[in-house]
Amino acid sequence: MTGPGETDLTVRRAKRSDAADFASHVVRHLSESGSAGAPEFAPVRSASRSDVLDAAELRWSRPAGEAGWGRAVLLVQPRPSEPFGPSPLRVVGHAELVGSAIPASLHRATLTIGVERAYVGRGHGRALADAVLELAREAPSLVYVDAHVFASNERAIALYASLGFAETARIPDAFRVRDGRPVADVLMTKVIGR
Ligand SMILES: CC(C)(COP(=O)(O)OP(=O)(O)OC[C@H]1O[C@@H](n2cnc3c(N)ncnc32)[C@H](O)[C@@H]1OP(=O)(O)O)[C@@H](O)C(=O)NCCC(=O)NCCS
């Protein structure tokens with residue numbers, strides 16, 4: 001079974017002008033955490049679209065490897081052009097590297113990855129991860145890529161492990177989600193190789 005527009009989906013690097021479509025995707029994606037049979041994957045289920053947009057524009061405008069930098073790849077689906085629409089595409093997945101805000105830890109960046117529910121299980125997560133790790137290898141001074149994942153999120157843990165990430169830390173009861181149930185935060189790290 002294919003999802004809506006499945007055959008048209010492509011992974012490409014994000015440009016600053018994609019920040020608005022990226023923000024809309026992040027807001028939709030977060031609302032899916034723990035809903036309609038999806039695993040719980042985030043400590044929050046909502047975010048301000050304008051805050052996400054502003055922060056992404058800022059990160060993506062900084063040179064890679066400088067304090068506060070960020071770079072992303074997007075899973076995009078073209079949508080029919082609308083006469084007054086701002087953009088001819090829809091973002092349905094992302095993988096982003098967020099660098100440290102301080103010089104002392106610029107050798108590390110944090111990876112986030114998310115595919116909207118209608119598109120999971122079809123290889124897009126792996127394609128996004130491969131593309132973002134290529135970006136990581138290009139980033140000056142980057143040695144470690146860190147990924148935080150809920151201990152209960154087997155799908156993400158399996159994906160990260162298959163990419164060479166290994167558990168480096170675990171905080172039990174890091175979050176209390178929904179009904180107050182404790183969730184452990186697992187830190188998985190990949191050495192990029194410098
Ligand atoms: C984790 C996530 C990005 C994976 O994306 P995806 O498009 O479903 O993944 P893919 O189809 O590319 O599969 C990649 C790997 O994930 C794992 N995986 C996928 N579906 C799985 C399932 N149902 N059960 C266990 N592992 C699974 C497998 O290791 C798979 O590799 P394989 O196909 O070679 O066996 C996606 O499920 C998602 O967005 N989840 C919610 C957000 C999230 O958890 N983000 C990461 C932590 S913050």
# chains A, B, ... in the order shown; residues from 1 in each chain; ligands from 1
>>> residues_near_ligand(ligand="ligand 1", cutoff="8 Å", atoms="only C-alpha atoms and all ligand atoms", output="short mmCIF file (atom, residue, chain, number, x, y, z; two decimals) with N, CA and C atoms, in the first residue's frame")
data_model
loop_
_atom_site.label_atom_id
_atom_site.label_comp_id
_atom_site.auth_asym_id
_atom_site.auth_seq_id
_atom_site.Cartn_x
_atom_site.Cartn_y
_atom_site.Cartn_z
N HIS A 29 3.62 16.73 13.03
CA HIS A 29 4.32 15.52 13.49
C HIS A 29 4.24 15.37 15.02
N SER A 33 2.48 12.19 18.36
CA SER A 33 3.16 11.38 19.39
C SER A 33 2.14 10.73 20.33
N ALA A 38 0.30 5.37 17.31
CA ALA A 38 1.72 5.70 17.12
C ALA A 38 2.45 5.62 18.45
N PRO A 39 3.74 5.25 18.44
CA PRO A 39 4.47 5.24 19.71
C PRO A 39 4.64 6.66 20.25
N GLU A 40 4.79 6.72 21.57
CA GLU A 40 5.11 8.00 22.20
C GLU A 40 6.56 8.32 21.83
N PHE A 41 6.84 9.47 21.23
CA PHE A 41 8.23 9.75 20.84
C PHE A 41 8.72 11.13 21.26
N ALA A 42 7.84 11.97 21.84
CA ALA A 42 8.29 13.32 22.20
C ALA A 42 7.69 13.73 23.54
N GLY A 93 8.51 14.87 6.22
CA GLY A 93 9.51 14.24 7.09
C GLY A 93 10.76 15.10 7.13
N THR A 112 17.67 15.05 15.23
CA THR A 112 16.25 14.71 15.39
C THR A 112 15.76 14.20 14.04
N ILE A 113 14.81 13.30 14.09
CA ILE A 113 14.29 12.73 12.85
C ILE A 113 12.81 12.42 13.03
N GLY A 114 12.03 12.68 12.02
CA GLY A 114 10.60 12.39 12.13
C GLY A 114 9.95 12.27 10.77
N VAL A 115 9.12 11.24 10.65
CA VAL A 115 8.36 11.01 9.43
C VAL A 115 6.89 11.00 9.83
N GLU A 116 6.05 11.72 9.11
CA GLU A 116 4.63 11.74 9.47
C GLU A 116 4.02 10.36 9.30
N ARG A 117 3.08 10.07 10.18
CA ARG A 117 2.52 8.73 10.36
C ARG A 117 2.11 8.07 9.04
N TYR A 119 3.40 8.04 6.35
CA TYR A 119 4.52 7.70 5.47
C TYR A 119 5.56 6.79 6.12
N VAL A 120 5.32 6.34 7.38
CA VAL A 120 6.34 5.53 8.06
C VAL A 120 6.39 4.12 7.49
N GLY A 121 7.52 3.45 7.79
CA GLY A 121 7.64 2.03 7.43
C GLY A 121 7.89 1.78 5.96
N ARG A 122 8.32 2.80 5.23
CA ARG A 122 8.54 2.63 3.78
C ARG A 122 9.94 3.05 3.35
N GLY A 123 10.86 3.11 4.33
CA GLY A 123 12.25 3.40 3.97
C GLY A 123 12.62 4.87 3.99
N HIS A 124 11.63 5.75 4.27
CA HIS A 124 11.94 7.19 4.25
C HIS A 124 12.81 7.62 5.43
N GLY A 125 12.58 7.00 6.60
CA GLY A 125 13.39 7.34 7.77
C GLY A 125 14.86 7.04 7.51
N ARG A 126 15.11 5.88 6.91
CA ARG A 126 16.50 5.51 6.63
C ARG A 126 17.10 6.45 5.57
N ALA A 127 16.33 6.81 4.57
CA ALA A 127 16.84 7.72 3.53
C ALA A 127 17.18 9.09 4.15
N LEU A 128 16.32 9.57 5.04
CA LEU A 128 16.59 10.86 5.71
C LEU A 128 17.85 10.75 6.57
N ALA A 147 21.71 11.35 19.61
CA ALA A 147 20.26 11.27 19.38
C ALA A 147 19.58 10.85 20.68
N HIS A 148 18.60 11.61 21.09
CA HIS A 148 17.81 11.25 22.27
C HIS A 148 16.58 10.47 21.82
N VAL A 149 16.30 9.40 22.52
CA VAL A 149 15.13 8.60 22.13
C VAL A 149 14.48 7.99 23.37
N PHE A 150 13.16 7.95 23.37
CA PHE A 150 12.46 7.30 24.47
C PHE A 150 12.82 5.80 24.47
N ASN A 153 10.69 3.53 22.41
CA ASN A 153 10.56 3.79 20.97
C ASN A 153 11.43 2.81 20.17
N GLU A 154 10.93 1.56 20.07
CA GLU A 154 11.75 0.49 19.48
C GLU A 154 12.13 0.76 18.03
N ARG A 155 11.22 1.38 17.29
CA ARG A 155 11.47 1.62 15.87
C ARG A 155 12.67 2.56 15.69
N ALA A 156 12.68 3.65 16.45
CA ALA A 156 13.79 4.61 16.31
C ALA A 156 15.10 4.00 16.82
N ILE A 157 15.02 3.25 17.93
CA ILE A 157 16.24 2.64 18.47
C ILE A 157 16.83 1.65 17.45
N ALA A 158 15.95 0.87 16.79
CA ALA A 158 16.44 -0.08 15.78
C ALA A 158 17.08 0.66 14.62
N LEU A 159 16.47 1.77 14.21
CA LEU A 159 17.04 2.55 13.09
C LEU A 159 18.41 3.11 13.48
N TYR A 160 18.49 3.74 14.65
CA TYR A 160 19.77 4.33 15.07
C TYR A 160 20.85 3.25 15.22
N ALA A 161 20.49 2.13 15.83
CA ALA A 161 21.48 1.06 16.04
C ALA A 161 22.01 0.56 14.69
N SER A 162 21.12 0.45 13.71
CA SER A 162 21.56 -0.06 12.40
C SER A 162 22.48 0.93 11.69
#
>>> select_by_dssp(residues="range 12-159 of chain A", states="strand (DSSP E)", output="ChimeraX atom specification")
/A:12-13,70-78,89-99,108-115,144-150
>>> closest_residue(among="A:Glu57, A:Asp185, A:Asp179, A:Asp146", to="Asp21 in chain A", atoms="only C-alpha atoms")
A:Glu57
>>> atom_distance(atom1="CA of Arg71 in chain A", atom2="CA of Arg13 in chain A")
8.0 Å
>>> select_by_dssp(residues="range 17-159 of chain A", states="helix (DSSP H, G or I)", output="PDB file with N, CA and C atoms, in the first residue's frame")
ATOM      1  N   SER A  17      14.408  29.080   2.810  1.00  0.00           N
ATOM      2  CA  SER A  17      13.041  29.356   2.357  1.00  0.00           C
ATOM      3  C   SER A  17      12.076  28.192   2.642  1.00  0.00           C
ATOM      4  N   ASP A  18      12.598  27.054   3.098  1.00  0.00           N
ATOM      5  CA  ASP A  18      11.745  25.909   3.455  1.00  0.00           C
ATOM      6  C   ASP A  18      11.262  25.989   4.907  1.00  0.00           C
ATOM      7  N   ALA A  19      11.738  26.990   5.655  1.00  0.00           N
ATOM      8  CA  ALA A  19      11.493  26.979   7.102  1.00  0.00           C
ATOM      9  C   ALA A  19       9.996  26.974   7.452  1.00  0.00           C
ATOM     10  N   ALA A  20       9.177  27.669   6.670  1.00  0.00           N
ATOM     11  CA  ALA A  20       7.740  27.721   6.984  1.00  0.00           C
ATOM     12  C   ALA A  20       7.093  26.349   6.779  1.00  0.00           C
ATOM     13  N   ASP A  21       7.437  25.678   5.680  1.00  0.00           N
ATOM     14  CA  ASP A  21       6.871  24.341   5.419  1.00  0.00           C
ATOM     15  C   ASP A  21       7.395  23.320   6.430  1.00  0.00           C
ATOM     16  N   PHE A  22       8.654  23.496   6.809  1.00  0.00           N
ATOM     17  CA  PHE A  22       9.249  22.639   7.837  1.00  0.00           C
ATOM     18  C   PHE A  22       8.484  22.806   9.164  1.00  0.00           C
ATOM     19  N   ALA A  23       8.201  24.064   9.525  1.00  0.00           N
ATOM     20  CA  ALA A  23       7.515  24.322  10.796  1.00  0.00           C
ATOM     21  C   ALA A  23       6.113  23.708  10.800  1.00  0.00           C
ATOM     22  N   SER A  24       5.427  23.795   9.685  1.00  0.00           N
ATOM     23  CA  SER A  24       4.075  23.192   9.611  1.00  0.00           C
ATOM     24  C   SER A  24       4.171  21.682   9.816  1.00  0.00           C
ATOM     25  N   HIS A  25       5.191  21.072   9.207  1.00  0.00           N
ATOM     26  CA  HIS A  25       5.402  19.622   9.361  1.00  0.00           C
ATOM     27  C   HIS A  25       5.700  19.270  10.819  1.00  0.00           C
ATOM     28  N   VAL A  26       6.571  20.042  11.466  1.00  0.00           N
ATOM     29  CA  VAL A  26       6.948  19.729  12.853  1.00  0.00           C
ATOM     30  C   VAL A  26       5.714  19.789  13.765  1.00  0.00           C
ATOM     31  N   VAL A  27       4.865  20.782  13.555  1.00  0.00           N
ATOM     32  CA  VAL A  27       3.659  20.911  14.387  1.00  0.00           C
ATOM     33  C   VAL A  27       2.730  19.702  14.156  1.00  0.00           C
ATOM     34  N   ARG A  28       2.536  19.312  12.890  1.00  0.00           N
ATOM     35  CA  ARG A  28       1.691  18.134  12.599  1.00  0.00           C
ATOM     36  C   ARG A  28       2.295  16.877  13.211  1.00  0.00           C
ATOM     37  N   HIS A  29       3.623  16.727  13.034  1.00  0.00           N
ATOM     38  CA  HIS A  29       4.317  15.519  13.492  1.00  0.00           C
ATOM     39  C   HIS A  29       4.238  15.373  15.017  1.00  0.00           C
ATOM     40  N   LEU A  30       4.514  16.470  15.740  1.00  0.00           N
ATOM     41  CA  LEU A  30       4.479  16.400  17.210  1.00  0.00           C
ATOM     42  C   LEU A  30       3.099  15.983  17.722  1.00  0.00           C
ATOM     43  N   ARG A  49       4.089  27.225  15.826  1.00  0.00           N
ATOM     44  CA  ARG A  49       4.630  27.173  14.462  1.00  0.00           C
ATOM     45  C   ARG A  49       5.585  28.333  14.212  1.00  0.00           C
ATOM     46  N   SER A  50       5.246  29.506  14.718  1.00  0.00           N
ATOM     47  CA  SER A  50       6.121  30.657  14.445  1.00  0.00           C
ATOM     48  C   SER A  50       7.442  30.527  15.213  1.00  0.00           C
ATOM     49  N   ASP A  51       7.409  29.961  16.410  1.00  0.00           N
ATOM     50  CA  ASP A  51       8.670  29.747  17.144  1.00  0.00           C
ATOM     51  C   ASP A  51       9.564  28.745  16.405  1.00  0.00           C
ATOM     52  N   VAL A  52       8.942  27.653  15.927  1.00  0.00           N
ATOM     53  CA  VAL A  52       9.727  26.632  15.200  1.00  0.00           C
ATOM     54  C   VAL A  52      10.325  27.248  13.939  1.00  0.00           C
ATOM     55  N   LEU A  53       9.522  28.029  13.244  1.00  0.00           N
ATOM     56  CA  LEU A  53       9.968  28.665  11.991  1.00  0.00           C
ATOM     57  C   LEU A  53      11.149  29.614  12.267  1.00  0.00           C
ATOM     58  N   ASP A  54      10.980  30.504  13.243  1.00  0.00           N
ATOM     59  CA  ASP A  54      12.032  31.497  13.533  1.00  0.00           C
ATOM     60  C   ASP A  54      13.335  30.811  13.947  1.00  0.00           C
ATOM     61  N   ALA A  55      13.214  29.797  14.806  1.00  0.00           N
ATOM     62  CA  ALA A  55      14.421  29.113  15.291  1.00  0.00           C
ATOM     63  C   ALA A  55      15.123  28.379  14.146  1.00  0.00           C
ATOM     64  N   ALA A  56      14.356  27.765  13.248  1.00  0.00           N
ATOM     65  CA  ALA A  56      14.963  27.037  12.121  1.00  0.00           C
ATOM     66  C   ALA A  56      15.683  28.008  11.191  1.00  0.00           C
ATOM     67  N   GLU A  57      15.039  29.123  10.880  1.00  0.00           N
ATOM     68  CA  GLU A  57      15.676  30.118   9.991  1.00  0.00           C
ATOM     69  C   GLU A  57      17.005  30.582  10.568  1.00  0.00           C
ATOM     70  N   LEU A  58      16.998  30.805  11.874  1.00  0.00           N
ATOM     71  CA  LEU A  58      18.211  31.281  12.547  1.00  0.00           C
ATOM     72  C   LEU A  58      19.321  30.219  12.473  1.00  0.00           C
ATOM     73  N   ARG A  59      18.989  28.967  12.832  1.00  0.00           N
ATOM     74  CA  ARG A  59      19.996  27.892  12.816  1.00  0.00           C
ATOM     75  C   ARG A  59      20.547  27.681  11.414  1.00  0.00           C
ATOM     76  N   TRP A  60      19.642  27.658  10.422  1.00  0.00           N
ATOM     77  CA  TRP A  60      20.044  27.330   9.053  1.00  0.00           C
ATOM     78  C   TRP A  60      20.821  28.470   8.398  1.00  0.00           C
ATOM     79  N   SER A  61      20.723  29.674   8.969  1.00  0.00           N
ATOM     80  CA  SER A  61      21.447  30.804   8.374  1.00  0.00           C
ATOM     81  C   SER A  61      22.881  30.892   8.902  1.00  0.00           C
ATOM     82  N   PRO A 103      30.860  27.325  22.027  1.00  0.00           N
ATOM     83  CA  PRO A 103      32.049  26.813  21.330  1.00  0.00           C
ATOM     84  C   PRO A 103      32.625  25.543  21.960  1.00  0.00           C
ATOM     85  N   ALA A 104      32.538  25.412  23.282  1.00  0.00           N
ATOM     86  CA  ALA A 104      33.180  24.273  23.949  1.00  0.00           C
ATOM     87  C   ALA A 104      32.582  22.926  23.553  1.00  0.00           C
ATOM     88  N   SER A 105      31.372  22.903  22.979  1.00  0.00           N
ATOM     89  CA  SER A 105      30.819  21.598  22.577  1.00  0.00           C
ATOM     90  C   SER A 105      30.429  21.566  21.102  1.00  0.00           C
ATOM     91  N   ARG A 117       3.082  10.074  10.181  1.00  0.00           N
ATOM     92  CA  ARG A 117       2.523   8.732  10.360  1.00  0.00           C
ATOM     93  C   ARG A 117       2.107   8.065   9.037  1.00  0.00           C
ATOM     94  N   ALA A 118       1.517   8.827   8.136  1.00  0.00           N
ATOM     95  CA  ALA A 118       1.019   8.240   6.882  1.00  0.00           C
ATOM     96  C   ALA A 118       2.147   7.702   6.004  1.00  0.00           C
ATOM     97  N   TYR A 119       3.397   8.043   6.355  1.00  0.00           N
ATOM     98  CA  TYR A 119       4.521   7.698   5.470  1.00  0.00           C
ATOM     99  C   TYR A 119       5.558   6.786   6.125  1.00  0.00           C
ATOM    100  N   HIS A 124      11.627   5.754   4.275  1.00  0.00           N
ATOM    101  CA  HIS A 124      11.943   7.194   4.251  1.00  0.00           C
ATOM    102  C   HIS A 124      12.806   7.618   5.432  1.00  0.00           C
ATOM    103  N   GLY A 125      12.582   7.003   6.595  1.00  0.00           N
ATOM    104  CA  GLY A 125      13.393   7.343   7.773  1.00  0.00           C
ATOM    105  C   GLY A 125      14.864   7.040   7.515  1.00  0.00           C
ATOM    106  N   ARG A 126      15.108   5.878   6.914  1.00  0.00           N
ATOM    107  CA  ARG A 126      16.502   5.512   6.627  1.00  0.00           C
ATOM    108  C   ARG A 126      17.100   6.451   5.569  1.00  0.00           C
ATOM    109  N   ALA A 127      16.331   6.809   4.573  1.00  0.00           N
ATOM    110  CA  ALA A 127      16.841   7.722   3.532  1.00  0.00           C
ATOM    111  C   ALA A 127      17.180   9.087   4.147  1.00  0.00           C
ATOM    112  N   LEU A 128      16.322   9.569   5.042  1.00  0.00           N
ATOM    113  CA  LEU A 128      16.590  10.855   5.713  1.00  0.00           C
ATOM    114  C   LEU A 128      17.853  10.754   6.570  1.00  0.00           C
ATOM    115  N   ALA A 129      17.975   9.636   7.307  1.00  0.00           N
ATOM    116  CA  ALA A 129      19.138   9.466   8.192  1.00  0.00           C
ATOM    117  C   ALA A 129      20.427   9.409   7.382  1.00  0.00           C
ATOM    118  N   ASP A 130      20.418   8.665   6.278  1.00  0.00           N
ATOM    119  CA  ASP A 130      21.627   8.584   5.435  1.00  0.00           C
ATOM    120  C   ASP A 130      22.015   9.975   4.930  1.00  0.00           C
ATOM    121  N   ALA A 131      21.018  10.742   4.499  1.00  0.00           N
ATOM    122  CA  ALA A 131      21.305  12.076   3.942  1.00  0.00           C
ATOM    123  C   ALA A 131      21.811  13.038   5.019  1.00  0.00           C
ATOM    124  N   VAL A 132      21.258  12.935   6.221  1.00  0.00           N
ATOM    125  CA  VAL A 132      21.694  13.878   7.256  1.00  0.00           C
ATOM    126  C   VAL A 132      23.089  13.500   7.779  1.00  0.00           C
ATOM    127  N   LEU A 133      23.412  12.210   7.730  1.00  0.00           N
ATOM    128  CA  LEU A 133      24.761  11.812   8.169  1.00  0.00           C
ATOM    129  C   LEU A 133      25.821  12.263   7.159  1.00  0.00           C
ATOM    130  N   GLU A 134      25.415  12.402   5.911  1.00  0.00           N
ATOM    131  CA  GLU A 134      26.315  12.980   4.906  1.00  0.00           C
ATOM    132  C   GLU A 134      26.610  14.442   5.269  1.00  0.00           C
ATOM    133  N   LEU A 135      25.564  15.154   5.679  1.00  0.00           N
ATOM    134  CA  LEU A 135      25.753  16.541   6.129  1.00  0.00           C
ATOM    135  C   LEU A 135      26.688  16.589   7.335  1.00  0.00           C
ATOM    136  N   ALA A 136      26.506  15.622   8.232  1.00  0.00           N
ATOM    137  CA  ALA A 136      27.332  15.597   9.448  1.00  0.00           C
ATOM    138  C   ALA A 136      28.809  15.441   9.092  1.00  0.00           C
ATOM    139  N   ARG A 137      29.074  14.597   8.093  1.00  0.00           N
ATOM    140  CA  ARG A 137      30.482  14.366   7.708  1.00  0.00           C
ATOM    141  C   ARG A 137      31.095  15.610   7.091  1.00  0.00           C
ATOM    142  N   GLU A 138      30.265  16.481   6.540  1.00  0.00           N
ATOM    143  CA  GLU A 138      30.775  17.714   5.926  1.00  0.00           C
ATOM    144  C   GLU A 138      30.972  18.836   6.941  1.00  0.00           C
ATOM    145  N   GLU A 154      10.935   1.562  20.072  1.00  0.00           N
ATOM    146  CA  GLU A 154      11.752   0.489  19.479  1.00  0.00           C
ATOM    147  C   GLU A 154      12.135   0.761  18.031  1.00  0.00           C
ATOM    148  N   ARG A 155      11.215   1.375  17.285  1.00  0.00           N
ATOM    149  CA  ARG A 155      11.475   1.621  15.866  1.00  0.00           C
ATOM    150  C   ARG A 155      12.673   2.557  15.688  1.00  0.00           C
ATOM    151  N   ALA A 156      12.684   3.646  16.448  1.00  0.00           N
ATOM    152  CA  ALA A 156      13.789   4.612  16.314  1.00  0.00           C
ATOM    153  C   ALA A 156      15.097   4.005  16.825  1.00  0.00           C
ATOM    154  N   ILE A 157      15.018   3.249  17.926  1.00  0.00           N
ATOM    155  CA  ILE A 157      16.239   2.638  18.471  1.00  0.00           C
ATOM    156  C   ILE A 157      16.832   1.653  17.455  1.00  0.00           C
ATOM    157  N   ALA A 158      15.953   0.873  16.795  1.00  0.00           N
ATOM    158  CA  ALA A 158      16.439  -0.077  15.782  1.00  0.00           C
ATOM    159  C   ALA A 158      17.085   0.665  14.615  1.00  0.00           C
ATOM    160  N   LEU A 159      16.475   1.772  14.205  1.00  0.00           N
ATOM    161  CA  LEU A 159      17.044   2.547  13.089  1.00  0.00           C
ATOM    162  C   LEU A 159      18.413   3.106  13.480  1.00  0.00           C
TER     163      LEU A 159
END
>>> atom_distance(atom1="CA of Tyr144 in chain A", atom2="CA of Val191 in chain A")
4.7 Å
